[in-house]
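Undergrad: This is structure-v8.tsv (TSV, N, CA and C atoms).
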chain	number	residue	atom	x	y	z
N	1	MET	N	-66.53	80.45	18.70
N	1	MET	CA	-65.14	80.05	18.70
N	1	MET	C	-64.53	80.37	17.35
N	2	PHE	N	-63.27	80.79	17.36
N	2	PHE	CA	-62.58	81.03	16.10
N	2	PHE	C	-61.15	80.48	16.18
N	3	ILE	N	-60.64	80.15	14.99
N	3	ILE	CA	-59.28	79.63	14.84
N	3	ILE	C	-58.47	80.71	14.14
N	4	THR	N	-57.30	81.01	14.66
N	4	THR	CA	-56.46	82.04	14.06
N	4	THR	C	-54.99	81.79	14.40
N	5	ARG	N	-54.14	82.47	13.68
N	5	ARG	CA	-52.72	82.44	14.02
N	5	ARG	C	-52.55	83.28	15.28
N	6	ALA	N	-51.78	82.80	16.22
N	6	ALA	CA	-51.58	83.51	17.47
N	6	ALA	C	-50.67	84.71	17.26
N	7	THR	N	-50.84	85.71	18.10
N	7	THR	CA	-49.95	86.86	18.13
N	7	THR	C	-49.24	86.86	19.49
N	8	ARG	N	-48.34	87.80	19.67
N	8	ARG	CA	-47.63	87.89	20.95
N	8	ARG	C	-48.59	88.15	22.10
N	9	HIS	N	-49.75	88.73	21.79
N	9	HIS	CA	-50.74	89.01	22.83
N	9	HIS	C	-51.43	87.74	23.34
N	10	ASP	N	-51.32	86.65	22.61
N	10	ASP	CA	-51.94	85.38	23.01
N	10	ASP	C	-51.02	84.49	23.83
N	11	ARG	N	-49.75	84.89	23.96
N	11	ARG	CA	-48.75	84.03	24.61
N	11	ARG	C	-49.17	83.60	26.01
N	12	GLU	N	-49.63	84.54	26.82
N	12	GLU	CA	-50.01	84.23	28.20
N	12	GLU	C	-51.15	83.21	28.25
N	13	ASP	N	-52.12	83.35	27.35
N	13	ASP	CA	-53.24	82.40	27.32
N	13	ASP	C	-52.80	81.02	26.85
N	14	ILE	N	-51.88	80.97	25.90
N	14	ILE	CA	-51.34	79.68	25.43
N	14	ILE	C	-50.57	79.02	26.57
N	15	GLU	N	-49.75	79.81	27.25
N	15	GLU	CA	-48.98	79.29	28.38
N	15	GLU	C	-49.91	78.72	29.45
N	16	LYS	N	-50.99	79.40	29.75
N	16	LYS	CA	-51.94	78.92	30.75
N	16	LYS	C	-52.53	77.57	30.34
N	17	LEU	N	-52.93	77.44	29.08
N	17	LEU	CA	-53.48	76.17	28.59
N	17	LEU	C	-52.45	75.05	28.75
N	18	LEU	N	-51.22	75.30	28.34
N	18	LEU	CA	-50.18	74.28	28.44
N	18	LEU	C	-49.90	73.90	29.89
N	19	VAL	N	-49.75	74.89	30.75
N	19	VAL	CA	-49.47	74.63	32.16
N	19	VAL	C	-50.63	73.88	32.82
N	20	ASP	N	-51.86	74.29	32.51
N	20	ASP	CA	-53.04	73.62	33.10
N	20	ASP	C	-53.11	72.15	32.72
N	21	HIS	N	-52.50	71.78	31.59
N	21	HIS	CA	-52.51	70.39	31.14
N	21	HIS	C	-51.17	69.71	31.36
N	22	GLU	N	-50.31	70.36	32.16
N	22	GLU	CA	-49.01	69.81	32.55
N	22	GLU	C	-48.09	69.53	31.36
N	23	TRP	N	-48.14	70.42	30.36
N	23	TRP	CA	-47.26	70.33	29.21
N	23	TRP	C	-46.05	71.23	29.43
N	24	ASP	N	-44.93	70.88	28.81
N	24	ASP	CA	-43.71	71.69	28.88
N	24	ASP	C	-43.91	73.00	28.12
N	25	LEU	N	-43.18	74.00	28.55
N	25	LEU	CA	-43.20	75.30	27.88
N	25	LEU	C	-41.95	75.51	27.04
N	26	ASP	N	-41.18	74.46	26.82
N	26	ASP	CA	-39.89	74.56	26.14
N	26	ASP	C	-39.98	75.21	24.76
N	27	LEU	N	-41.07	75.00	24.04
N	27	LEU	CA	-41.17	75.48	22.65
N	27	LEU	C	-42.12	76.66	22.48
N	28	ILE	N	-42.55	77.25	23.58
N	28	ILE	CA	-43.60	78.27	23.50
N	28	ILE	C	-43.19	79.48	22.67
N	29	ASP	N	-41.93	79.76	22.56
N	29	ASP	CA	-41.48	80.92	21.78
N	29	ASP	C	-40.90	80.53	20.42
N	30	LYS	N	-41.09	79.29	20.02
N	30	LYS	CA	-40.56	78.81	18.74
N	30	LYS	C	-41.66	78.76	17.69
N	31	GLY	N	-41.32	79.02	16.46
N	31	GLY	CA	-42.22	78.84	15.34
N	31	GLY	C	-43.45	79.73	15.38
N	32	SER	N	-44.51	79.23	14.74
N	32	SER	CA	-45.79	79.94	14.66
N	32	SER	C	-46.86	79.13	15.34
N	33	ALA	N	-47.63	79.80	16.19
N	33	ALA	CA	-48.71	79.11	16.89
N	33	ALA	C	-50.06	79.46	16.27
N	34	PHE	N	-50.96	78.52	16.37
N	34	PHE	CA	-52.36	78.72	16.00
N	34	PHE	C	-53.17	78.45	17.25
N	35	ILE	N	-54.27	79.16	17.39
N	35	ILE	CA	-55.10	78.98	18.57
N	35	ILE	C	-56.56	78.83	18.19
N	36	ALA	N	-57.28	78.16	19.06
N	36	ALA	CA	-58.74	78.14	19.03
N	36	ALA	C	-59.15	78.94	20.25
N	37	ARG	N	-59.92	79.99	20.02
N	37	ARG	CA	-60.31	80.88	21.12
N	37	ARG	C	-61.82	80.91	21.23
N	38	ASP	N	-62.27	80.69	22.45
N	38	ASP	CA	-63.69	80.80	22.79
N	38	ASP	C	-63.72	81.53	24.14
N	39	GLY	N	-63.42	82.83	24.08
N	39	GLY	CA	-63.10	83.58	25.30
N	39	GLY	C	-61.66	83.27	25.64
N	40	ALA	N	-61.44	82.18	26.34
N	40	ALA	CA	-60.08	81.70	26.63
N	40	ALA	C	-59.56	80.90	25.43
N	41	VAL	N	-58.26	80.65	25.42
N	41	VAL	CA	-57.68	79.75	24.43
N	41	VAL	C	-58.04	78.33	24.82
N	42	VAL	N	-58.74	77.62	23.94
N	42	VAL	CA	-59.18	76.25	24.24
N	42	VAL	C	-58.42	75.21	23.41
N	43	GLY	N	-57.54	75.68	22.54
N	43	GLY	CA	-56.72	74.76	21.75
N	43	GLY	C	-55.54	75.49	21.16
N	44	THR	N	-54.47	74.75	20.91
N	44	THR	CA	-53.28	75.35	20.33
N	44	THR	C	-52.53	74.31	19.49
N	45	LEU	N	-51.73	74.82	18.59
N	45	LEU	CA	-50.88	74.00	17.72
N	45	LEU	C	-49.72	74.89	17.31
N	46	ARG	N	-48.55	74.31	17.17
N	46	ARG	CA	-47.36	75.08	16.81
N	46	ARG	C	-46.68	74.45	15.60
N	47	LEU	N	-46.24	75.28	14.65
N	47	LEU	CA	-45.46	74.85	13.50
N	47	LEU	C	-44.05	75.40	13.65
N	48	ILE	N	-43.05	74.52	13.54
N	48	ILE	CA	-41.66	74.93	13.69
N	48	ILE	C	-40.89	74.48	12.45
N	49	GLU	N	-40.38	75.45	11.71
N	49	GLU	CA	-39.60	75.14	10.52
N	49	GLU	C	-38.17	74.81	10.94
N	50	VAL	N	-37.73	73.57	10.64
N	50	VAL	CA	-36.39	73.13	11.05
N	50	VAL	C	-35.40	73.18	9.90
N	51	ALA	N	-35.90	73.35	8.69
N	51	ALA	CA	-35.09	73.52	7.49
N	51	ALA	C	-36.04	74.12	6.45
N	52	PRO	N	-35.52	74.70	5.38
N	52	PRO	CA	-36.44	75.25	4.38
N	52	PRO	C	-37.45	74.20	3.90
N	53	GLN	N	-38.74	74.55	4.04
N	53	GLN	CA	-39.85	73.70	3.62
N	53	GLN	C	-39.95	72.39	4.40
N	54	VAL	N	-39.33	72.32	5.57
N	54	VAL	CA	-39.40	71.15	6.45
N	54	VAL	C	-39.94	71.65	7.79
N	55	VAL	N	-41.18	71.26	8.10
N	55	VAL	CA	-41.90	71.83	9.24
N	55	VAL	C	-42.34	70.72	10.19
N	56	VAL	N	-42.14	70.97	11.49
N	56	VAL	CA	-42.59	70.03	12.51
N	56	VAL	C	-43.85	70.59	13.16
N	57	VAL	N	-44.86	69.74	13.29
N	57	VAL	CA	-46.11	70.09	13.98
N	57	VAL	C	-45.91	69.69	15.44
N	58	GLU	N	-46.09	70.66	16.34
N	58	GLU	CA	-45.82	70.44	17.77
N	58	GLU	C	-46.95	70.97	18.62
N	59	ASP	N	-46.97	70.55	19.86
N	59	ASP	CA	-47.86	71.08	20.89
N	59	ASP	C	-49.32	71.17	20.44
N	60	VAL	N	-49.83	70.12	19.83
N	60	VAL	CA	-51.24	70.07	19.46
N	60	VAL	C	-52.00	69.69	20.73
N	61	LEU	N	-52.80	70.63	21.23
N	61	LEU	CA	-53.49	70.42	22.50
N	61	LEU	C	-54.85	71.10	22.47
N	62	VAL	N	-55.87	70.36	22.88
N	62	VAL	CA	-57.21	70.91	23.06
N	62	VAL	C	-57.56	70.73	24.54
N	63	HIS	N	-58.15	71.76	25.11
N	63	HIS	CA	-58.54	71.72	26.53
N	63	HIS	C	-59.34	70.45	26.80
N	64	LYS	N	-59.04	69.79	27.90
N	64	LYS	CA	-59.66	68.49	28.22
N	64	LYS	C	-61.18	68.56	28.27
N	65	ASP	N	-61.75	69.70	28.60
N	65	ASP	CA	-63.21	69.84	28.65
N	65	ASP	C	-63.84	70.15	27.30
N	66	ARG	N	-62.99	70.35	26.27
N	66	ARG	CA	-63.50	70.73	24.95
N	66	ARG	C	-63.14	69.73	23.86
N	67	ARG	N	-62.68	68.57	24.25
N	67	ARG	CA	-62.30	67.55	23.26
N	67	ARG	C	-63.55	66.94	22.63
N	68	GLU	N	-63.37	66.37	21.47
N	68	GLU	CA	-64.45	65.74	20.70
N	68	GLU	C	-65.44	66.76	20.13
N	69	GLU	N	-65.01	68.02	19.99
N	69	GLU	CA	-65.84	69.06	19.40
N	69	GLU	C	-65.33	69.47	18.02
N	70	GLY	N	-64.26	68.83	17.54
N	70	GLY	CA	-63.69	69.18	16.24
N	70	GLY	C	-62.67	70.31	16.28
N	71	ILE	N	-62.31	70.74	17.48
N	71	ILE	CA	-61.35	71.85	17.61
N	71	ILE	C	-59.97	71.45	17.09
N	72	GLY	N	-59.50	70.27	17.45
N	72	GLY	CA	-58.20	69.80	16.97
N	72	GLY	C	-58.18	69.69	15.46
N	73	ARG	N	-59.26	69.20	14.90
N	73	ARG	CA	-59.38	69.07	13.45
N	73	ARG	C	-59.25	70.44	12.77
N	74	GLN	N	-59.94	71.41	13.34
N	74	GLN	CA	-59.90	72.76	12.77
N	74	GLN	C	-58.51	73.39	12.90
N	75	LEU	N	-57.85	73.15	14.02
N	75	LEU	CA	-56.50	73.67	14.20
N	75	LEU	C	-55.53	73.07	13.19
N	76	VAL	N	-55.57	71.76	13.04
N	76	VAL	CA	-54.65	71.09	12.10
N	76	VAL	C	-54.92	71.58	10.68
N	77	GLN	N	-56.18	71.67	10.30
N	77	GLN	CA	-56.52	72.12	8.94
N	77	GLN	C	-56.05	73.56	8.70
N	78	ALA	N	-56.28	74.45	9.66
N	78	ALA	CA	-55.84	75.84	9.51
N	78	ALA	C	-54.32	75.92	9.38
N	79	ALA	N	-53.61	75.17	10.20
N	79	ALA	CA	-52.15	75.19	10.14
N	79	ALA	C	-51.65	74.65	8.81
N	80	MET	N	-52.24	73.55	8.35
N	80	MET	CA	-51.81	72.96	7.08
N	80	MET	C	-52.11	73.90	5.90
N	81	ASN	N	-53.23	74.61	5.98
N	81	ASN	CA	-53.59	75.54	4.90
N	81	ASN	C	-52.72	76.79	4.90
N	82	SER	N	-52.04	77.05	6.00
N	82	SER	CA	-51.29	78.29	6.14
N	82	SER	C	-49.94	78.29	5.45
N	83	ARG	N	-49.44	77.10	5.14
N	83	ARG	CA	-48.09	77.07	4.56
N	83	ARG	C	-47.82	75.79	3.78
N	84	GLY	N	-46.82	75.88	2.94
N	84	GLY	CA	-46.39	74.73	2.17
N	84	GLY	C	-45.30	73.97	2.90
N	85	GLY	N	-44.66	73.10	2.16
N	85	GLY	CA	-43.59	72.32	2.74
N	85	GLY	C	-44.07	70.96	3.20
N	86	THR	N	-43.14	70.17	3.65
N	86	THR	CA	-43.44	68.85	4.17
N	86	THR	C	-43.58	68.95	5.68
N	87	LEU	N	-44.64	68.35	6.20
N	87	LEU	CA	-44.94	68.40	7.63
N	87	LEU	C	-44.59	67.08	8.29
N	88	TYR	N	-44.00	67.16	9.46
N	88	TYR	CA	-43.64	65.98	10.25
N	88	TYR	C	-44.20	66.16	11.65
N	89	LEU	N	-44.48	65.04	12.30
N	89	LEU	CA	-44.92	65.11	13.69
N	89	LEU	C	-44.60	63.82	14.40
N	90	CYS	N	-44.68	63.90	15.70
N	90	CYS	CA	-44.49	62.76	16.59
N	90	CYS	C	-45.75	62.65	17.42
N	91	CYS	N	-46.29	61.44	17.55
N	91	CYS	CA	-47.51	61.26	18.34
N	91	CYS	C	-47.51	59.88	18.99
N	92	HIS	N	-48.53	59.66	19.79
N	92	HIS	CA	-48.74	58.35	20.40
N	92	HIS	C	-49.71	57.55	19.55
N	93	ASP	N	-49.76	56.25	19.77
N	93	ASP	CA	-50.56	55.37	18.91
N	93	ASP	C	-52.04	55.74	18.87
N	94	ASP	N	-52.56	56.32	19.93
N	94	ASP	CA	-53.99	56.67	19.93
N	94	ASP	C	-54.32	57.86	19.04
N	95	ARG	N	-53.31	58.54	18.49
N	95	ARG	CA	-53.54	59.70	17.62
N	95	ARG	C	-53.25	59.40	16.14
N	96	LEU	N	-52.76	58.21	15.84
N	96	LEU	CA	-52.40	57.88	14.45
N	96	LEU	C	-53.59	58.04	13.51
N	97	THR	N	-54.73	57.51	13.86
N	97	THR	CA	-55.92	57.59	13.00
N	97	THR	C	-56.33	59.04	12.79
N	98	PHE	N	-56.28	59.85	13.83
N	98	PHE	CA	-56.63	61.27	13.72
N	98	PHE	C	-55.78	61.94	12.64
N	99	TYR	N	-54.47	61.76	12.69
N	99	TYR	CA	-53.59	62.43	11.74
N	99	TYR	C	-53.68	61.84	10.34
N	100	ARG	N	-54.04	60.60	10.22
N	100	ARG	CA	-54.22	60.01	8.88
N	100	ARG	C	-55.32	60.71	8.11
N	101	HIS	N	-56.31	61.26	8.80
N	101	HIS	CA	-57.40	62.00	8.14
N	101	HIS	C	-56.86	63.19	7.35
N	102	PHE	N	-55.69	63.68	7.70
N	102	PHE	CA	-55.10	64.84	7.04
N	102	PHE	C	-54.02	64.45	6.03
N	103	GLY	N	-53.88	63.16	5.77
N	103	GLY	CA	-52.89	62.70	4.81
N	103	GLY	C	-51.54	62.36	5.41
N	104	PHE	N	-51.43	62.34	6.72
N	104	PHE	CA	-50.17	61.94	7.35
N	104	PHE	C	-50.02	60.43	7.24
N	105	GLU	N	-48.80	60.01	6.96
N	105	GLU	CA	-48.47	58.59	6.89
N	105	GLU	C	-47.33	58.31	7.86
N	106	GLN	N	-47.38	57.15	8.47
N	106	GLN	CA	-46.38	56.75	9.44
N	106	GLN	C	-45.07	56.41	8.75
N	107	LEU	N	-43.96	56.76	9.39
N	107	LEU	CA	-42.65	56.37	8.88
N	107	LEU	C	-41.71	56.14	10.05
N	108	ALA	N	-40.63	55.46	9.77
N	108	ALA	CA	-39.64	55.12	10.80
N	108	ALA	C	-38.78	56.34	11.11
N	109	PHE	N	-38.24	56.37	12.31
N	109	PHE	CA	-37.36	57.46	12.71
N	109	PHE	C	-36.22	57.63	11.71
N	110	ASP	N	-35.64	56.54	11.27
N	110	ASP	CA	-34.51	56.60	10.34
N	110	ASP	C	-34.88	57.19	8.98
N	111	ASP	N	-36.17	57.25	8.66
N	111	ASP	CA	-36.62	57.83	7.39
N	111	ASP	C	-36.92	59.33	7.49
N	112	LEU	N	-36.80	59.90	8.68
N	112	LEU	CA	-36.98	61.33	8.85
N	112	LEU	C	-35.77	62.07	8.32
N	113	PRO	N	-35.94	63.29	7.79
N	113	PRO	CA	-34.77	64.08	7.39
N	113	PRO	C	-33.88	64.34	8.61
N	114	PRO	N	-32.60	64.53	8.40
N	114	PRO	CA	-31.68	64.73	9.53
N	114	PRO	C	-32.10	65.87	10.46
N	115	GLU	N	-32.64	66.96	9.91
N	115	GLU	CA	-33.06	68.09	10.74
N	115	GLU	C	-34.23	67.72	11.65
N	116	VAL	N	-35.12	66.88	11.15
N	116	VAL	CA	-36.26	66.44	11.95
N	116	VAL	C	-35.78	65.44	13.00
N	117	GLN	N	-34.88	64.56	12.62
N	117	GLN	CA	-34.31	63.62	13.60
N	117	GLN	C	-33.67	64.40	14.75
N	118	GLN	N	-32.90	65.42	14.42
N	118	GLN	CA	-32.24	66.21	15.46
N	118	GLN	C	-33.26	66.91	16.35
N	119	PHE	N	-34.32	67.46	15.74
N	119	PHE	CA	-35.38	68.10	16.52
N	119	PHE	C	-36.00	67.10	17.48
N	120	MET	N	-36.28	65.90	17.00
N	120	MET	CA	-36.89	64.87	17.86
N	120	MET	C	-35.96	64.48	19.00
N	121	ARG	N	-34.67	64.43	18.73
N	121	ARG	CA	-33.71	64.15	19.81
N	121	ARG	C	-33.68	65.30	20.82
N	122	ASP	N	-33.64	66.52	20.29
N	122	ASP	CA	-33.55	67.70	21.15
N	122	ASP	C	-34.78	67.86	22.04
N	123	THR	N	-35.92	67.40	21.58
N	123	THR	CA	-37.17	67.54	22.36
N	123	THR	C	-37.52	66.25	23.11
N	124	ASN	N	-36.58	65.33	23.15
N	124	ASN	CA	-36.73	64.06	23.89
N	124	ASN	C	-37.84	63.16	23.36
N	125	ALA	N	-38.18	63.31	22.09
N	125	ALA	CA	-39.14	62.39	21.48
N	125	ALA	C	-38.44	61.11	21.02
N	126	TRP	N	-37.12	61.14	20.96
N	126	TRP	CA	-36.33	60.00	20.55
N	126	TRP	C	-35.05	59.97	21.36
N	127	PRO	N	-34.59	58.87	21.82
N	127	PRO	CA	-35.24	57.56	21.68
N	127	PRO	C	-36.44	57.44	22.63
N	128	ASP	N	-37.37	56.61	22.21
N	128	ASP	CA	-38.50	56.34	23.09
N	128	ASP	C	-38.23	55.06	23.87
N	129	SER	N	-39.20	54.59	24.59
N	129	SER	CA	-39.03	53.37	25.38
N	129	SER	C	-40.24	52.48	25.17
N	130	PRO	N	-40.15	51.21	25.50
N	130	PRO	CA	-41.30	50.32	25.35
N	130	PRO	C	-42.52	50.80	26.15
N	131	GLU	N	-42.28	51.50	27.24
N	131	GLU	CA	-43.38	52.00	28.07
N	131	GLU	C	-43.99	53.28	27.53
N	132	HIS	N	-43.25	53.99	26.67
N	132	HIS	CA	-43.70	55.28	26.15
N	132	HIS	C	-43.26	55.39	24.68
N	133	ARG	N	-44.06	54.80	23.80
N	133	ARG	CA	-43.70	54.73	22.37
N	133	ARG	C	-44.13	55.98	21.63
N	134	HIS	N	-43.29	56.40	20.72
N	134	HIS	CA	-43.60	57.52	19.83
N	134	HIS	C	-43.67	57.01	18.40
N	135	PHE	N	-44.55	57.63	17.63
N	135	PHE	CA	-44.71	57.30	16.22
N	135	PHE	C	-44.49	58.56	15.43
N	136	PHE	N	-43.84	58.42	14.28
N	136	PHE	CA	-43.50	59.56	13.45
N	136	PHE	C	-44.32	59.52	12.18
N	137	MET	N	-44.75	60.72	11.75
N	137	MET	CA	-45.63	60.80	10.59
N	137	MET	C	-45.20	61.95	9.70
N	138	LYS	N	-45.60	61.85	8.44
N	138	LYS	CA	-45.23	62.84	7.43
N	138	LYS	C	-46.44	63.10	6.54
N	139	ALA	N	-46.60	64.36	6.15
N	139	ALA	CA	-47.64	64.72	5.17
N	139	ALA	C	-47.03	65.63	4.12
N	140	ARG	N	-47.52	65.46	2.91
N	140	ARG	CA	-47.10	66.25	1.74
N	140	ARG	C	-45.72	65.91	1.36
Written as structure tokens, that's how I'd like the structure from this file.

TA:
Amino acid sequence: MFITRATRHDREDIEKLLVDHEWDLDLIDKGSAFIARDGAVVGTLRLIEVAPQVVVVEDVLVHKDRREEGIGRQLVQAAMNSRGGTLYLCCHDDRLTFYRHFGFEQLAFDDLPPEVQQFMRDTNAWPDSPEHRHFFMKAR
């Protein structure tokens, strides 16, 4: 298995992974994608710059049959090593500890930069509901 920045030739494989896991394809052509490939694409992550040096981490997904192998960890590390700037993300409570390993800290929606707030609104991450809570995090 190897981790690399995706090219246009990987788009179909990324789309298949997302569709197979019932994820939206809304952002598939935005930003820069990273993939974990072991024959097929078994993991993906997307970085979307919403303002200079302000980057949102999106679509972090590892194939359900390949979880707990460190693939997500390798994807996040490769993406973080690839560029500077401040990174933001939205996740569920069960992923908070995972992202803290990379230096992400939780913050309130109101503490996000305006460009990140707008991105979260545009992607329906905000407002959330009591039944489906989102948590916001920042690194660097």

Undergrad: Could you give me, as a PDB file with N, CA and C atoms, in the frame of the given file, the residues within 8 Å of range 16-18 of chain N, counting all atoms listed in the file and dropping anything in the same chain fewer than 4 positions from it?

TA:
ATOM      1  N   ASP N  10     -51.320  86.650  22.610  1.00  0.00           N
ATOM      2  CA  ASP N  10     -51.940  85.380  23.010  1.00  0.00           C
ATOM      3  C   ASP N  10     -51.020  84.490  23.830  1.00  0.00           C
ATOM      4  N   ARG N  11     -49.750  84.890  23.960  1.00  0.00           N
ATOM      5  CA  ARG N  11     -48.750  84.030  24.610  1.00  0.00           C
ATOM      6  C   ARG N  11     -49.170  83.600  26.010  1.00  0.00           C
ATOM      7  N   GLU N  12     -49.630  84.540  26.820  1.00  0.00           N
ATOM      8  CA  GLU N  12     -50.010  84.230  28.200  1.00  0.00           C
ATOM      9  C   GLU N  12     -51.150  83.210  28.250  1.00  0.00           C
ATOM     10  N   GLU N  22     -50.310  70.360  32.160  1.00  0.00           N
ATOM     11  CA  GLU N  22     -49.010  69.810  32.550  1.00  0.00           C
ATOM     12  C   GLU N  22     -48.090  69.530  31.360  1.00  0.00           C
ATOM     13  N   TRP N  23     -48.140  70.420  30.360  1.00  0.00           N
ATOM     14  CA  TRP N  23     -47.260  70.330  29.210  1.00  0.00           C
ATOM     15  C   TRP N  23     -46.050  71.230  29.430  1.00  0.00           C
ATOM     16  N   ASP N  24     -44.930  70.880  28.810  1.00  0.00           N
ATOM     17  CA  ASP N  24     -43.710  71.690  28.880  1.00  0.00           C
ATOM     18  C   ASP N  24     -43.910  73.000  28.120  1.00  0.00           C
ATOM     19  N   LEU N  25     -43.180  74.000  28.550  1.00  0.00           N
ATOM     20  CA  LEU N  25     -43.200  75.300  27.880  1.00  0.00           C
ATOM     21  C   LEU N  25     -41.950  75.510  27.040  1.00  0.00           C
ATOM     22  N   VAL N  41     -58.260  80.650  25.420  1.00  0.00           N
ATOM     23  CA  VAL N  41     -57.680  79.750  24.430  1.00  0.00           C
ATOM     24  C   VAL N  41     -58.040  78.330  24.820  1.00  0.00           C
ATOM     25  N   VAL N  42     -58.740  77.620  23.940  1.00  0.00           N
ATOM     26  CA  VAL N  42     -59.180  76.250  24.240  1.00  0.00           C
ATOM     27  C   VAL N  42     -58.420  75.210  23.410  1.00  0.00           C
ATOM     28  N   GLY N  43     -57.540  75.680  22.540  1.00  0.00           N
ATOM     29  CA  GLY N  43     -56.720  74.760  21.750  1.00  0.00           C
ATOM     30  C   GLY N  43     -55.540  75.490  21.160  1.00  0.00           C
ATOM     31  N   THR N  44     -54.470  74.750  20.910  1.00  0.00           N
ATOM     32  CA  THR N  44     -53.280  75.350  20.330  1.00  0.00           C
ATOM     33  C   THR N  44     -52.530  74.310  19.490  1.00  0.00           C
ATOM     34  N   LEU N  61     -52.800  70.630  21.230  1.00  0.00           N
ATOM     35  CA  LEU N  61     -53.490  70.420  22.500  1.00  0.00           C
ATOM     36  C   LEU N  61     -54.850  71.100  22.470  1.00  0.00           C
ATOM     37  N   VAL N  62     -55.870  70.360  22.880  1.00  0.00           N
ATOM     38  CA  VAL N  62     -57.210  70.910  23.060  1.00  0.00           C
ATOM     39  C   VAL N  62     -57.560  70.730  24.540  1.00  0.00           C
ATOM     40  N   HIS N  63     -58.150  71.760  25.110  1.00  0.00           N
ATOM     41  CA  HIS N  63     -58.540  71.720  26.530  1.00  0.00           C
ATOM     42  C   HIS N  63     -59.340  70.450  26.800  1.00  0.00           C
TER      43      HIS N  63
END

Undergrad: Padding 8 Å on every side, please: axis-aligned box over the listed atoms of range 96-108 of chain N, centre and edge lengths to one decimal in Å, as lines of an AutoDock Vina configuration file.

TA:
center_x = -48.1
center_y = 60.0
center_z = 10.3
size_x = 34.6
size_y = 25.7
size_z = 27.0

Undergrad: Report the closest atom pair, with its distance in Å rounded to one decimal, for each residue of range 2-42 of chain N that has an atom no farther than 6 Å from range 48-57 of chain N; count only N, CA and C atoms, sort by chain and then rising residue number, and write it as CSV.

TA:
residue,atom,partner,partner_atom,distance
N:Lys30,C,N:Ile48,CA,5.5
N:Gly31,CA,N:Ile48,CA,4.3
N:Ser32,N,N:Ile48,N,5.1

Undergrad: Here is a test: counting all atoms listed in the file, which residue of N:Leu87, N:Ala40, N:Ile35, N:Ala139 is nearest to Phe2 in chain N?

TA: N:Ile35

Undergrad: If I take CA of Leu27 in chain N and CA of Met1 in chain N, how far is one from the other in Å, to one decimal?

TA: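 Those two atoms sit 24.7 Å apart.
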
Undergrad: What is the distance between CA of Phe109 in chain N and atom N of Met137 in chain N, in Å to one decimal?

TA: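 CA of Phe109 in chain N sits 8.1 Å away from atom N of Met137 in chain N.
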
Undergrad: Taking (-45.3, 67.6, -0.7) in the file's coordinates as the center, which residues reach within 6 Å of it, counting only N, CA and C atoms, put as a ChimeraX atom specification?

TA: /N:85-86,139-140

Undergrad: Keeping only N, CA and C atoms, take the residues you just selected and write them out as a CSV table (one decimal), in the coordinates of the input.

TA:
chain,number,residue,atom,x,y,z
N,85,GLY,N,-44.7,73.1,2.2
N,85,GLY,CA,-43.6,72.3,2.7
N,85,GLY,C,-44.1,71.0,3.2
N,86,THR,N,-43.1,70.2,3.6
N,86,THR,CA,-43.4,68.8,4.2
N,86,THR,C,-43.6,69.0,5.7
N,139,ALA,N,-46.6,64.4,6.2
N,139,ALA,CA,-47.6,64.7,5.2
N,139,ALA,C,-47.0,65.6,4.1
N,140,ARG,N,-47.5,65.5,2.9
N,140,ARG,CA,-47.1,66.2,1.7
N,140,ARG,C,-45.7,65.9,1.4

Undergrad: Select from range 14-116 of chain N everything DSSP, run on the backbone, classes as alpha helix (DSSP H), then give the selection as an MDAnalysis selection string.

TA: chainID N and resid 14:20 71:82 96:100 114:116

Undergrad: Could you give me, as a count of residues only, the residues within 6.5 Å of Asp93 in chain N, counting only N, CA and C atoms and dropping anything in the same chain fewer than 6 positions from it?

TA: 3

Undergrad: Separation of atom C of Ala79 in chain N and atom N of Ile28 in chain N, in Å?

TA: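 Atom-to-atom, atom C of Ala79 in chain N to atom N of Ile28 in chain N, that is 17.5 Å.
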
Undergrad: With distances taken over only C-alpha atoms, which of N:Arg66, N:His132, N:Ala33, N:Gly39 is nearest to Glu15 in chain N?

TA: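 Closest to Glu15 in chain N of all the choices is N:Ala33.
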
Undergrad: Nearest residue to Phe34 in chain N out of N:Asp59, N:Arg8, N:Ile3, N:Phe104, using only C-alpha atoms?

TA: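 Between N:Asp59, N:Arg8, N:Ile3, N:Phe104, the residue approaching Phe34 in chain N most closely is N:Ile3.
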
Undergrad: List every residue of range 35-133 of chain N that DSSP, applied to the backbone of this structure, places in strand (DSSP E), and write the result as a ChimeraX atom specification.

TA: /N:35-38,40-51,54-62,86-91,105-107
